[in-house]
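Okay, protein_18.csv now, which holds CSV, C-alpha atoms:
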chain,number,residue,atom,x,y,z
A,1,MET,CA,115.7,114.9,48.4
A,2,SER,CA,112.8,112.4,48.9
A,3,ILE,CA,109.4,111.9,47.4
A,4,GLU,CA,106.4,109.8,48.5
A,5,VAL,CA,104.6,107.6,46.0
A,6,ASP,CA,101.0,106.5,46.5
A,7,LEU,CA,100.9,102.7,45.8
A,8,ASN,CA,97.3,102.5,44.5
A,9,GLY,CA,95.8,103.9,47.6
A,10,LYS,CA,97.2,101.1,49.8
A,11,MET,CA,100.4,102.6,51.2
A,12,LEU,CA,103.0,105.2,50.7
A,13,LEU,CA,106.5,104.4,49.4
A,14,ARG,CA,109.3,107.0,50.2
A,15,LEU,CA,112.0,107.2,47.6
A,16,ASP,CA,115.3,109.1,47.7
A,17,VAL,CA,116.6,110.8,44.6
A,18,VAL,CA,119.9,109.3,43.5
A,19,SER,CA,120.4,111.5,40.5
A,20,SER,CA,118.4,114.2,38.6
A,21,HIS,CA,118.7,115.3,35.0
A,22,VAL,CA,117.2,118.0,32.9
A,23,ILE,CA,116.7,117.0,29.3
A,24,PRO,CA,116.7,120.2,27.2
A,25,PRO,CA,114.0,120.8,24.6
A,26,MET,CA,114.4,118.5,21.5
A,27,MET,CA,117.3,116.6,23.1
A,28,GLY,CA,117.9,113.2,24.6
A,29,TRP,CA,119.4,111.5,27.7
A,30,ALA,CA,120.5,108.0,28.6
A,31,GLY,CA,121.6,106.5,31.9
A,32,GLU,CA,121.6,103.3,33.9
A,33,VAL,CA,118.9,102.2,36.3
A,34,LYS,CA,119.7,99.3,38.5
A,35,ALA,CA,117.3,96.5,39.4
A,36,GLY,CA,115.2,97.7,42.4
A,37,GLN,CA,115.7,101.3,41.5
A,38,PHE,CA,113.0,103.6,40.2
A,39,ILE,CA,112.8,106.2,37.5
A,40,ARG,CA,110.5,109.2,37.4
A,41,VAL,CA,109.8,111.1,34.2
A,42,ILE,CA,108.3,114.6,34.8
A,43,ASP,CA,106.8,117.1,32.5
A,44,PRO,CA,107.6,120.4,34.2
A,45,ARG,CA,105.7,122.8,31.9
A,46,GLY,CA,102.9,120.5,30.6
A,47,ARG,CA,101.9,119.3,27.1
A,48,GLN,CA,105.3,117.7,26.4
A,49,CYS,CA,105.7,114.2,25.1
A,50,ALA,CA,108.7,112.1,26.1
A,51,ASP,CA,109.8,109.1,24.0
A,52,PHE,CA,111.1,106.3,26.4
A,53,TRP,CA,113.2,103.2,25.7
A,54,ALA,CA,114.7,100.6,28.1
A,55,PHE,CA,117.4,98.1,27.2
A,56,ASN,CA,118.8,95.2,29.3
A,57,ALA,CA,122.2,96.5,30.5
A,58,GLU,CA,123.7,93.0,30.1
A,59,ASP,CA,122.2,92.3,26.7
A,60,ILE,CA,121.1,95.3,24.7
A,61,ASP,CA,119.4,93.0,22.2
A,62,GLU,CA,116.7,92.7,24.8
A,63,HIS,CA,114.5,95.8,25.1
A,64,LEU,CA,111.1,97.1,26.2
A,65,SER,CA,108.7,95.8,23.6
A,66,ALA,CA,105.5,97.6,22.9
A,67,MET,CA,103.9,94.6,21.1
A,68,HIS,CA,104.8,92.1,23.8
A,69,SER,CA,103.7,94.5,26.5
A,70,ARG,CA,100.3,95.0,24.9
A,71,VAL,CA,99.8,91.2,24.6
A,72,TRP,CA,100.7,90.6,28.2
A,73,VAL,CA,98.5,93.2,29.8
A,74,ASN,CA,95.7,92.9,27.2
A,75,LYS,CA,95.4,96.6,26.7
A,76,LEU,CA,97.0,99.4,24.7
A,77,CYS,CA,99.3,100.4,27.6
A,78,PRO,CA,100.2,99.1,31.1
A,79,VAL,CA,98.7,101.0,34.1
A,80,PRO,CA,100.0,101.2,37.7
A,81,GLY,CA,100.6,97.8,39.0
A,82,GLU,CA,101.3,96.3,35.6
A,83,SER,CA,104.7,95.9,33.9
A,84,PHE,CA,106.2,96.5,30.5
A,85,HIS,CA,107.6,93.3,29.0
A,86,SER,CA,110.6,92.8,26.8
A,87,ASN,CA,111.0,91.1,23.4
A,88,HIS,CA,112.2,88.1,25.5
A,89,ARG,CA,108.7,88.1,27.0
A,90,ARG,CA,109.6,88.9,30.6
A,91,PRO,CA,108.7,91.9,32.8
A,92,ILE,CA,111.4,94.6,33.0
A,93,LEU,CA,109.7,97.8,34.3
A,94,GLN,CA,106.6,98.1,36.5
A,95,VAL,CA,104.4,101.2,36.4
A,96,ILE,CA,104.2,102.4,40.0
A,97,ALA,CA,102.5,105.7,39.8
A,98,ASP,CA,101.0,107.8,37.0
A,99,SER,CA,99.5,111.3,37.5
A,100,CYS,CA,98.4,111.8,33.9
A,101,GLY,CA,97.0,108.5,32.7
A,102,VAL,CA,97.3,109.2,29.0
A,103,HIS,CA,100.2,107.7,27.1
A,104,ASP,CA,100.8,106.0,23.7
A,105,LEU,CA,102.3,102.6,22.8
A,106,LEU,CA,101.4,102.6,19.1
A,107,THR,CA,103.1,105.5,17.4
A,108,ALA,CA,106.6,105.4,15.9
A,109,PRO,CA,109.2,107.9,17.0
A,110,CYS,CA,109.7,110.9,14.8
A,111,ASP,CA,112.8,110.5,12.5
A,112,GLU,CA,114.6,112.3,9.7
A,113,HIS,CA,112.3,110.7,7.2
A,114,ARG,CA,109.2,112.2,8.9
A,115,TYR,CA,110.6,115.7,8.8
A,116,ARG,CA,111.6,115.4,5.1
A,117,LEU,CA,107.9,114.5,4.4
A,118,TYR,CA,107.1,117.9,6.1
A,119,GLY,CA,109.2,119.5,3.4
A,120,LEU,CA,112.3,120.3,5.6
A,121,LYS,CA,115.5,120.2,3.7
A,122,HIS,CA,117.8,121.0,6.6
A,123,HIS,CA,118.6,118.8,9.6
A,124,HIS,CA,115.9,118.6,12.3
A,125,ARG,CA,116.4,116.8,15.6
A,126,SER,CA,114.2,113.7,16.0
A,127,CYS,CA,113.5,111.1,18.7
A,128,ALA,CA,115.1,108.4,16.7
A,129,GLY,CA,118.2,110.5,16.2
A,130,ASN,CA,118.3,111.4,19.8
A,131,LEU,CA,118.1,107.7,20.7
A,132,ARG,CA,121.0,106.9,18.5
A,133,GLU,CA,123.0,109.9,19.8
A,134,VAL,CA,122.6,109.1,23.5
A,135,MET,CA,123.0,105.4,23.1
A,136,GLU,CA,126.4,105.7,21.3
A,137,PRO,CA,128.4,104.9,24.5
A,138,TYR,CA,126.4,101.6,24.8
A,139,PHE,CA,125.9,100.6,21.1
A,140,GLY,CA,128.8,102.3,19.4
A,141,THR,CA,128.4,104.3,16.2
A,142,THR,CA,126.8,101.5,14.2
A,143,ARG,CA,123.2,102.3,13.3
A,144,PHE,CA,120.7,100.0,15.1
A,145,TYR,CA,117.1,99.0,15.0
A,146,VAL,CA,115.0,101.6,16.8
A,147,PRO,CA,112.3,99.9,18.9
A,148,GLN,CA,108.8,101.3,19.3
A,149,PRO,CA,109.0,103.7,22.3
A,150,PHE,CA,106.7,104.2,25.2
A,151,ASN,CA,105.4,107.7,24.4
A,152,ILE,CA,104.9,109.2,27.8
A,153,PHE,CA,102.1,111.7,27.7
A,154,GLY,CA,101.5,110.9,24.1
A,155,ASN,CA,97.9,111.4,23.1
A,156,CYS,CA,97.1,109.1,20.2
A,157,PRO,CA,93.5,108.0,20.6
A,158,VAL,CA,92.1,105.0,18.6
A,159,GLY,CA,88.7,105.7,17.0
A,160,ARG,CA,85.9,103.2,16.8
A,161,ASP,CA,86.7,102.9,13.1
A,162,GLY,CA,90.4,102.0,13.9
A,163,SER,CA,91.7,105.4,13.1
A,164,VAL,CA,94.7,106.7,15.1
A,165,THR,CA,95.1,110.5,15.6
A,166,ASN,CA,97.8,112.7,17.1
A,167,GLY,CA,96.2,114.9,19.7
A,168,PRO,CA,97.7,117.4,22.1
A,169,ALA,CA,99.5,116.0,25.1
A,170,PRO,CA,97.1,116.3,28.1
A,171,SER,CA,99.9,116.5,30.7
A,172,LYS,CA,99.8,119.4,33.2
A,173,PRO,CA,102.9,121.0,34.7
A,174,GLY,CA,104.4,118.5,37.2
A,175,ASP,CA,102.7,115.4,35.8
A,176,HIS,CA,104.9,112.4,36.1
A,177,VAL,CA,105.3,108.6,35.7
A,178,VAL,CA,107.2,106.4,38.1
A,179,MET,CA,108.5,103.0,37.1
A,180,LYS,CA,110.4,100.3,39.0
A,181,ALA,CA,113.2,98.4,37.2
A,182,TRP,CA,113.1,94.6,37.6
A,183,ILE,CA,116.5,94.1,35.9
A,184,ASP,CA,119.6,96.3,35.3
A,185,LEU,CA,118.6,98.7,32.5
A,186,VAL,CA,120.0,101.3,30.2
A,187,VAL,CA,117.2,103.8,29.7
A,188,ALA,CA,116.9,106.5,27.0
A,189,ILE,CA,114.5,109.4,26.8
A,190,SER,CA,113.9,112.0,24.2
A,191,ALA,CA,112.1,115.3,24.9
A,192,CYS,CA,110.2,115.0,21.6
A,193,PRO,CA,111.2,117.6,19.0
A,194,GLN,CA,107.9,117.3,17.1
A,195,GLU,CA,106.7,120.9,16.4
A,196,PHE,CA,104.5,120.2,13.3
A,197,ASN,CA,101.6,118.6,15.1
A,198,PRO,CA,100.2,119.0,18.6
A,199,ILE,CA,101.8,116.0,20.2
A,200,SER,CA,104.1,118.3,22.2
A,201,GLY,CA,101.9,121.4,22.2
A,202,TRP,CA,103.5,122.8,19.1
A,203,TYR,CA,106.4,124.1,21.2
A,204,PRO,CA,108.8,121.4,22.5
A,205,THR,CA,110.0,122.0,26.1
A,206,GLU,CA,112.3,120.2,28.5
A,207,VAL,CA,111.7,117.0,30.4
A,208,LEU,CA,113.0,116.1,33.9
A,209,VAL,CA,114.2,112.6,34.9
A,210,GLU,CA,115.1,111.2,38.3
A,211,VAL,CA,116.6,107.9,39.3
A,212,LEU,CA,115.4,106.9,42.8
A,213,GLU,CA,115.7,104.1,45.4
A,214,PRO,CA,113.7,103.2,48.5
A,215,SER,CA,114.5,105.3,51.6
A,216,ALA,CA,115.9,103.6,54.7
A,217,GLU,CA,112.9,105.0,56.7
A,218,GLN,CA,109.5,104.4,55.3
A,219,PRO,CA,106.2,106.1,56.3
A,220,GLY,CA,104.4,104.4,59.2
Would you mind giving the structure from this file in structure tokens?
Amino acid sequence: MSIEVDLNGKMLLRLDVVSSHVIPPMMGWAGEVKAGQFIRVIDPRGRQCADFWAFNAEDIDEHLSAMHSRVWVNKLCPVPGESFHSNHRRPILQVIADSCGVHDLLTAPCDEHRYRLYGLKHHHRSCAGNLREVMEPYFGTTRFYVPQPFNIFGNCPVGRDGSVTNGPAPSKPGDHVVMKAWIDLVVAISACPQEFNPISGWYPTEVLVEVLEPSAEQPG
């Protein structure tokens, strides 16, 4: 299977799908993306947020850093043509295509503490918990610092008074983000389990992820 990506209206890039995965509602996934490969995160039903992390496969202390990325691009979130930077201040992922255009790089992932504040006394899946679960093969069972995620399709507008709100995800069925890896990465994604605010449309659903690489034959 192949897809064609519009590179900012200048040319088309044909990519072959190397692997494809369905992340069930409220669950997580982790996998390797090699330097020069691409990753596409897709919202198949619409209105579903996906928390996204990326770690250097050779040194997992280096990771996608929200604060370093914001400083580098001088805006709240990179746009196509711009890169996410790591806590070592180097580019690790470039945004290639984005069919939605609304994402968040400010809001912490939901965690067990958040759900306790909602009054839940039983276990509830969370993005932080999903990250720890799927990264166990790479980190082991030791609890680790959870970096700020790239909240794909997250709608958290900043008001003129500095307020930050959780709005409904604006993504439509099939909306996607495509990113190119500059270094070998371990990527983790959580189909956000949040059902107590509109960030995932009140009803969490699945997320699709594809790892791709350039086709041997490119569009003329």
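Among the candidates A:Ala54, A:Val95, A:Tyr138, A:Met67, the residue lying nearest to A:Asp6 is A:Val95 (atoms considered: only C-alpha atoms).
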Could you check which residues have any atom within 6 Å of (99.7, 116.5, 17.7), counting only C-alpha atoms with coordinates taken straight from the file, and then list them as a PyMOL selection string? chain A and resi 166-168+197-199
Could you name the residues that touch A:Leu208 at 9 Å or less, counting all atoms listed in the file, but leaving out those on the same chain fewer than 6 positions away, as a VMD selection string? chain A and resid 20 to 24 40 to 44
Option closest in space to A:Arg125, from A:Gln48, A:Ser69, A:Gln37, A:Gln194 [counting all atoms listed in the file]: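 So, comparing all the options, the nearest one is A:Gln194.
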Please determine, counting all atoms listed in the file, which residue among A:Ala108, A:Ala50, A:Leu64, A:Ile92 has the shortest atom-to-atom distance to A:Gly28. A:Ala50
Rebuild N, CA and C atoms on stretch 26-51 of chain A, as a short mmCIF file (atom, residue, chain, number, x, y, z; two decimals), in the coordinates of the input?
data_model
loop_
_atom_site.label_atom_id
_atom_site.label_comp_id
_atom_site.auth_asym_id
_atom_site.auth_seq_id
_atom_site.Cartn_x
_atom_site.Cartn_y
_atom_site.Cartn_z
N MET A 26 114.00 119.16 22.77
CA MET A 26 114.40 118.50 21.50
C MET A 26 115.65 117.61 21.69
N MET A 27 116.14 117.42 22.91
CA MET A 27 117.30 116.60 23.10
C MET A 27 117.02 115.31 23.78
N GLY A 28 118.07 114.49 24.00
CA GLY A 28 117.90 113.20 24.60
C GLY A 28 118.82 112.96 25.78
N TRP A 29 118.59 111.87 26.49
CA TRP A 29 119.40 111.50 27.70
C TRP A 29 119.37 109.98 27.77
N ALA A 30 120.46 109.40 28.25
CA ALA A 30 120.50 108.00 28.60
C ALA A 30 121.27 107.77 29.85
N GLY A 31 120.88 106.76 30.62
CA GLY A 31 121.60 106.50 31.90
C GLY A 31 121.15 105.08 32.37
N GLU A 32 121.86 104.63 33.38
CA GLU A 32 121.60 103.30 33.90
C GLU A 32 120.66 103.37 35.11
N VAL A 33 119.79 102.39 35.17
CA VAL A 33 118.90 102.20 36.30
C VAL A 33 119.01 100.77 36.74
N LYS A 34 119.44 100.58 37.98
CA LYS A 34 119.70 99.30 38.50
C LYS A 34 118.41 98.56 38.93
N ALA A 35 118.44 97.22 38.95
CA ALA A 35 117.30 96.50 39.40
C ALA A 35 116.94 96.90 40.85
N GLY A 36 115.67 97.18 41.08
CA GLY A 36 115.20 97.70 42.40
C GLY A 36 115.17 99.16 42.50
N GLN A 37 115.81 99.87 41.57
CA GLN A 37 115.70 101.30 41.50
C GLN A 37 114.46 101.74 40.78
N PHE A 38 114.16 103.03 40.87
CA PHE A 38 113.00 103.60 40.20
C PHE A 38 113.40 104.74 39.32
N ILE A 39 112.58 105.01 38.32
CA ILE A 39 112.80 106.20 37.50
C ILE A 39 111.53 106.98 37.38
N ARG A 40 111.66 108.29 37.51
CA ARG A 40 110.50 109.20 37.40
C ARG A 40 110.73 110.15 36.27
N VAL A 41 109.79 110.19 35.34
CA VAL A 41 109.80 111.10 34.20
C VAL A 41 108.77 112.17 34.44
N ILE A 42 109.20 113.45 34.40
CA ILE A 42 108.30 114.60 34.80
C ILE A 42 108.24 115.57 33.64
N ASP A 43 107.03 116.06 33.42
CA ASP A 43 106.80 117.10 32.50
C ASP A 43 106.66 118.45 33.25
N PRO A 44 107.70 119.28 33.31
CA PRO A 44 107.60 120.40 34.20
C PRO A 44 106.73 121.56 33.71
N ARG A 45 106.52 121.68 32.41
CA ARG A 45 105.70 122.80 31.90
C ARG A 45 104.34 122.34 31.38
N GLY A 46 104.18 121.03 31.16
CA GLY A 46 102.90 120.50 30.60
C GLY A 46 102.94 120.44 29.11
N ARG A 47 102.14 119.49 28.59
CA ARG A 47 101.90 119.30 27.10
C ARG A 47 103.18 118.96 26.39
N GLN A 48 104.05 118.16 27.02
CA GLN A 48 105.30 117.70 26.40
C GLN A 48 105.38 116.22 26.37
N CYS A 49 105.53 115.62 25.20
CA CYS A 49 105.70 114.20 25.10
C CYS A 49 107.13 113.77 25.25
N ALA A 50 107.36 112.62 25.86
CA ALA A 50 108.70 112.10 26.10
C ALA A 50 108.75 110.66 25.54
N ASP A 51 109.59 110.41 24.53
CA ASP A 51 109.80 109.10 24.00
C ASP A 51 110.73 108.30 24.93
#
